[in-house]
Amino acid sequence: MNQKIAVVTGSNSGFGLLTTLQLAKIGFKVIATMRDPDKRVELVSQAKKIGVEQSIHVHSLEVTSEESISEFSSFLTDIGRIDVLLNNAGYAAGGFAEEVSIEEFRAQFETNLFGVIRVTQLVLPYMRKQGEGKIINMSSISGRIGFPGLSPYVSSKHALEGYSESLRLEVKPFGIDVHLLEPGSYRTNIWTSGKKITSRSLDRHSPYYFYMKAINAEIEAGKDSLGDPREVVAIVSDLVLNKRNHFRIPIGKGVRLTLLIKSILSWGILETIVLKKLRMKN
């Protein structure tokens with residue numbers, strides 16, 4: 001089989017959906033995985049519009065379920081080759097650290113970190129045997145800098161960054177490249193239907209409620225400036241076509257500047273800037 005094969009997790013919306021279409025468009029056979037295959041409607045509709053539906057195979061995969069992982073492993077055995085893995089499945093959990101339950105933290109890590117690890121462990125034997133492959137992990141600017149009210153999401157993405165650093169060093173000798181995409185704020189549903197804020201931080205009686213209101217107001221004010229997700233898709237396309245080979249790739253308006261500022265300024269100055277922007281006392 002000459003056609004290269006890509007696996008994309010969380011392909012029913014956002015970056016996953018758009019990347020699936022793009023990979024099919026440039027010649028890949030794409031295994032488009034999603035927790036609920038009934039949500040394939042938009043993907044299939046868009047694929048038909050650009051004539052790539054024959055290159056996309058939708059498959060059920062719940063990255064937090066051992067049973068689903070086992071079933072997907074059997075499916076991969078029949079395919080026998082994986083050239084690209086995009087670990088995109090994830091969601092954003094929010095709330096203030098005091099009020100987020102351990103169960104909510106654990107659920108965030110199960111998807112954003114352990115889900116990535118599970119799927120990566122499935123594809124690595126195929127890539128090692130081939131002597132080549134690309135693993136692209138969807139991180140976030142939140143994997144490099146913390147934000148108030150998002151500690152579950154931020155901590156899961158920081159963990160993903162550390163895992164990916166070690167993984168890249170471990171598999172590079174086998175011809176396998178690992179990449180981290182670090183998008184800023186884009187027009188995807190992770191900040192709408194994809195965001196889960198703990199109920200305690202939304203309660204008017206919460207000691208953090210005033211803080212949550214300020215953060216939500218800041219997010220609402222910035223909605224018009226959210227980036228076009230096709231920018232991220234274009235970078236994935238460049239990676240799989242070997243047009244670039246950077247490990248970490250920050251993407252989006254102001255992201256590189258934010259990271260530069262963090263590397264230069266002291267933490268004291270940084271927190272003063274953040275709290276002032278949210279009109280909080282320090």
# chains A, B, ... in the order shown; residues from 1 in each chain; ligands from 1
>>> closest_atom_pairs(of="segment 143-186 of chain A", to="segment 84-104 of chain A", cutoff="10 Å", atoms="only C-alpha atoms", output="CSV")
residue,atom,partner,partner_atom,distance
A:Pro148,CA,A:Phe96,CA,7.2
A:Gly149,CA,A:Gly95,CA,4.7
A:Leu150,CA,A:Gly94,CA,4.3
A:Ser151,CA,A:Ala97,CA,6.1
A:Pro152,CA,A:Ala93,CA,5.7
A:Tyr153,CA,A:Ala92,CA,5.3
A:Val154,CA,A:Ala92,CA,8.6
A:Ser156,CA,A:Ala92,CA,9.4
A:Lys157,CA,A:Ala92,CA,9.8
A:Ile176,CA,A:Val84,CA,9.7
A:Asp177,CA,A:Val84,CA,9.6
A:Val178,CA,A:Leu85,CA,9.5
A:His179,CA,A:Leu86,CA,9.5
A:Leu180,CA,A:Asn87,CA,9.9
A:Leu181,CA,A:Asn88,CA,10.0
>>> residues_around(residues="His59 of chain A", least_positions_apart="4", cutoff="8 Å", atoms="only C-alpha atoms", output="list in words")
Ile31, Ala32, Thr33, Met34 and Pro37 of chain A
>>> closest_residue(among="A:Phe15, A:Phe174, A:Phe105, A:Tyr126", to="Ala234 of chain A", atoms="only C-alpha atoms")
A:Phe15
>>> closest_residue(among="A:His205, A:Arg244, A:Lys213, A:Lys172", to="Gly131 of chain A", atoms="only C-alpha atoms")
A:Lys172
>>> atom_distance(atom1="atom CA of Asp83 of chain A", atom2="atom CA of Gly133 of chain A")
4.8 Å
>>> closest_residue(among="A:Tyr163, A:Tyr186, A:Phe114, A:Phe109", to="Val233 of chain A", atoms="only C-alpha atoms")
A:Tyr186
>>> select_by_dssp(residues="segment 89-257 of chain A", states="alpha helix (DSSP H)", output="PyMOL selection string")
chain A and resi 102-109+115-130+151-171+199-202+209-221+230-240+255-257
>>> closest_residue(among="A:Arg118, A:Arg248, A:Arg230, A:Arg128", to="Glu161 of chain A", atoms="only C-alpha atoms")
A:Arg248
>>> select_by_dssp(residues="segment 99-203 of chain A", states="strand (DSSP E or B)", output="VMD selection string")
chain A and resid 133 to 138 150 176 to 183 186 195 to 197
>>> write_last_selection(atoms="all heavy atoms", output="compact mmCIF listing (two decimals), in the first residue's frame")
# COMPACT_ATOMS: atom_id res chain seq x y z
N GLY A 133 8.04 7.85 11.23
CA GLY A 133 6.71 8.21 11.68
C GLY A 133 6.72 9.57 12.33
O GLY A 133 7.78 10.11 12.69
N LYS A 134 5.53 10.16 12.46
CA LYS A 134 5.41 11.47 13.10
C LYS A 134 4.27 11.43 14.12
O LYS A 134 3.17 10.98 13.80
CB LYS A 134 5.12 12.56 12.06
CG LYS A 134 6.32 12.94 11.22
CD LYS A 134 6.01 14.12 10.32
CE LYS A 134 7.24 14.46 9.47
NZ LYS A 134 8.33 15.05 10.27
N ILE A 135 4.56 11.91 15.32
CA ILE A 135 3.56 12.04 16.37
C ILE A 135 3.42 13.52 16.68
O ILE A 135 4.40 14.18 17.04
CB ILE A 135 3.96 11.25 17.62
CG1 ILE A 135 4.05 9.76 17.31
CG2 ILE A 135 2.97 11.50 18.75
CD1 ILE A 135 4.67 8.93 18.42
N ILE A 136 2.23 14.04 16.49
CA ILE A 136 1.97 15.47 16.71
C ILE A 136 1.00 15.60 17.87
O ILE A 136 -0.14 15.13 17.79
CB ILE A 136 1.39 16.13 15.44
CG1 ILE A 136 2.33 15.91 14.25
CG2 ILE A 136 1.16 17.62 15.68
CD1 ILE A 136 1.73 16.31 12.91
N ASN A 137 1.46 16.20 18.95
CA ASN A 137 0.64 16.35 20.15
C ASN A 137 0.08 17.77 20.23
O ASN A 137 0.85 18.75 20.15
CB ASN A 137 1.44 16.03 21.41
CG ASN A 137 1.78 14.56 21.51
OD1 ASN A 137 1.09 13.72 20.93
ND2 ASN A 137 2.84 14.23 22.23
N MET A 138 -1.23 17.87 20.36
CA MET A 138 -1.86 19.19 20.45
C MET A 138 -1.79 19.69 21.88
O MET A 138 -2.55 19.28 22.74
CB MET A 138 -3.32 19.09 19.99
CG MET A 138 -3.99 20.44 19.83
SD MET A 138 -3.25 21.46 18.51
CE MET A 138 -3.80 20.55 17.05
N LEU A 150 -8.01 28.15 35.35
CA LEU A 150 -7.88 27.05 34.39
C LEU A 150 -6.86 26.01 34.86
O LEU A 150 -6.24 25.33 34.04
CB LEU A 150 -7.43 27.59 33.02
CG LEU A 150 -8.50 28.22 32.12
CD1 LEU A 150 -7.85 28.80 30.87
CD2 LEU A 150 -9.56 27.20 31.73
N ILE A 176 11.57 8.40 14.36
CA ILE A 176 10.24 8.93 14.68
C ILE A 176 10.40 10.35 15.24
O ILE A 176 11.19 10.58 16.15
CB ILE A 176 9.52 8.05 15.71
CG1 ILE A 176 9.42 6.61 15.19
CG2 ILE A 176 8.13 8.61 16.01
CD1 ILE A 176 9.00 5.60 16.24
N ASP A 177 9.64 11.29 14.69
CA ASP A 177 9.65 12.67 15.16
C ASP A 177 8.43 12.95 16.02
O ASP A 177 7.32 12.50 15.70
CB ASP A 177 9.65 13.66 13.99
CG ASP A 177 10.99 13.69 13.27
OD1 ASP A 177 12.03 13.63 13.96
OD2 ASP A 177 10.99 13.76 12.03
N VAL A 178 8.63 13.68 17.10
CA VAL A 178 7.53 14.12 17.97
C VAL A 178 7.48 15.64 17.92
O VAL A 178 8.51 16.31 17.99
CB VAL A 178 7.73 13.64 19.42
CG1 VAL A 178 6.64 14.20 20.33
CG2 VAL A 178 7.75 12.12 19.48
N HIS A 179 6.27 16.17 17.78
CA HIS A 179 6.09 17.62 17.70
C HIS A 179 5.03 18.07 18.69
O HIS A 179 4.07 17.33 18.96
CB HIS A 179 5.67 18.03 16.28
CG HIS A 179 6.59 17.56 15.21
ND1 HIS A 179 7.78 18.18 14.92
CD2 HIS A 179 6.50 16.52 14.35
CE1 HIS A 179 8.39 17.54 13.93
NE2 HIS A 179 7.63 16.53 13.58
N LEU A 180 5.19 19.28 19.20
CA LEU A 180 4.21 19.90 20.09
C LEU A 180 3.67 21.16 19.43
O LEU A 180 4.43 22.09 19.13
CB LEU A 180 4.88 20.30 21.41
CG LEU A 180 4.92 19.28 22.54
CD1 LEU A 180 5.83 19.78 23.64
CD2 LEU A 180 3.52 19.03 23.10
N LEU A 181 2.37 21.19 19.18
CA LEU A 181 1.73 22.42 18.70
C LEU A 181 1.19 23.17 19.92
O LEU A 181 0.56 22.58 20.79
CB LEU A 181 0.59 22.09 17.74
CG LEU A 181 0.96 21.32 16.48
CD1 LEU A 181 -0.24 21.22 15.56
CD2 LEU A 181 2.12 21.99 15.75
N GLU A 182 1.44 24.48 19.96
CA GLU A 182 1.06 25.29 21.12
C GLU A 182 0.20 26.47 20.67
O GLU A 182 0.65 27.62 20.67
CB GLU A 182 2.31 25.78 21.85
CG GLU A 182 3.18 24.64 22.36
CD GLU A 182 4.53 25.09 22.88
OE1 GLU A 182 5.05 26.12 22.38
OE2 GLU A 182 5.06 24.44 23.79
N PRO A 183 -1.04 26.19 20.31
CA PRO A 183 -1.92 27.28 19.85
C PRO A 183 -2.33 28.21 20.99
O PRO A 183 -2.43 27.80 22.14
CB PRO A 183 -3.16 26.55 19.30
CG PRO A 183 -2.77 25.11 19.21
CD PRO A 183 -1.71 24.90 20.25
N TYR A 186 -8.14 30.17 19.56
CA TYR A 186 -8.67 30.01 18.21
C TYR A 186 -10.16 29.74 18.25
O TYR A 186 -10.72 29.37 19.29
CB TYR A 186 -7.95 28.86 17.49
CG TYR A 186 -6.61 29.26 16.93
CD1 TYR A 186 -5.47 29.21 17.73
CD2 TYR A 186 -6.49 29.73 15.63
CE1 TYR A 186 -4.24 29.60 17.23
CE2 TYR A 186 -5.26 30.12 15.12
CZ TYR A 186 -4.14 30.05 15.92
OH TYR A 186 -2.93 30.45 15.42
N LYS A 195 -15.62 23.44 26.98
CA LYS A 195 -15.09 23.88 28.28
C LYS A 195 -16.03 23.47 29.41
O LYS A 195 -17.22 23.64 29.32
CB LYS A 195 -14.90 25.40 28.28
CG LYS A 195 -14.23 25.92 29.54
CD LYS A 195 -13.85 27.38 29.43
CE LYS A 195 -15.04 28.29 29.36
NZ LYS A 195 -14.67 29.71 29.44
N LYS A 196 -15.43 22.91 30.47
CA LYS A 196 -16.23 22.47 31.61
C LYS A 196 -15.71 23.17 32.87
O LYS A 196 -14.64 22.83 33.37
CB LYS A 196 -16.14 20.96 31.77
CG LYS A 196 -16.66 20.18 30.56
CD LYS A 196 -16.54 18.68 30.80
CE LYS A 196 -17.06 17.89 29.60
NZ LYS A 196 -16.95 16.43 29.80
N ILE A 197 -16.47 24.13 33.35
CA ILE A 197 -16.08 24.84 34.56
C ILE A 197 -16.79 24.21 35.74
O ILE A 197 -18.00 23.99 35.70
CB ILE A 197 -16.44 26.33 34.47
CG1 ILE A 197 -15.73 26.98 33.29
CG2 ILE A 197 -16.09 27.05 35.76
CD1 ILE A 197 -16.08 28.43 33.08
>>> closest_atom_pairs(of="segment 53-95 of chain A", to="segment 119-125 of chain A", cutoff="12 Å", atoms="only C-alpha atoms", output="tab-separated table")
residue	atom	partner	partner_atom	distance
A:Leu61	CA	A:Val119	CA	9.6
A:Glu62	CA	A:Val119	CA	10.0
A:Val63	CA	A:Val119	CA	7.1
A:Thr64	CA	A:Val119	CA	9.8
A:Ser65	CA	A:Val119	CA	10.9
A:Glu66	CA	A:Val119	CA	10.5
A:Ser68	CA	A:Val119	CA	10.6
A:Ile69	CA	A:Val119	CA	7.4
A:Ser70	CA	A:Leu122	CA	9.2
A:Glu71	CA	A:Leu122	CA	11.1
A:Phe72	CA	A:Leu122	CA	8.7
A:Ser73	CA	A:Leu122	CA	6.4
A:Ser74	CA	A:Leu122	CA	9.9
A:Phe75	CA	A:Leu122	CA	10.7
A:Leu76	CA	A:Val123	CA	8.1
A:Thr77	CA	A:Leu122	CA	9.8
A:Ile79	CA	A:Val123	CA	11.1
A:Gly80	CA	A:Val123	CA	9.8
A:Arg81	CA	A:Val123	CA	8.5
A:Ile82	CA	A:Val123	CA	6.6
A:Asp83	CA	A:Val123	CA	8.9
A:Val84	CA	A:Val123	CA	9.0
A:Leu85	CA	A:Val123	CA	7.7
A:Leu86	CA	A:Thr120	CA	9.4
A:Asn87	CA	A:Val119	CA	7.8
A:Asn88	CA	A:Val119	CA	10.8
A:Ala89	CA	A:Val119	CA	10.5
>>> closest_residue(among="A:Ala107, A:Val171, A:Ile235, A:Val116", to="Lys129 of chain A", atoms="only C-alpha atoms")
A:Val171
>>> residues_around(residues="segment 16-26 of chain A", least_positions_apart="4", cutoff="7 Å", atoms="only C-alpha atoms", output="MDAnalysis selection string")
chainID A and resid 8:12 30 32 43 47 52 55:56 88 233 237
>>> residues_around(residues="Lys253 of chain A", least_positions_apart="5", cutoff="12 Å", atoms="only C-alpha atoms", output="PyMOL selection string")
chain A and resi 141+182-186+222+225-229+231-232+258-259
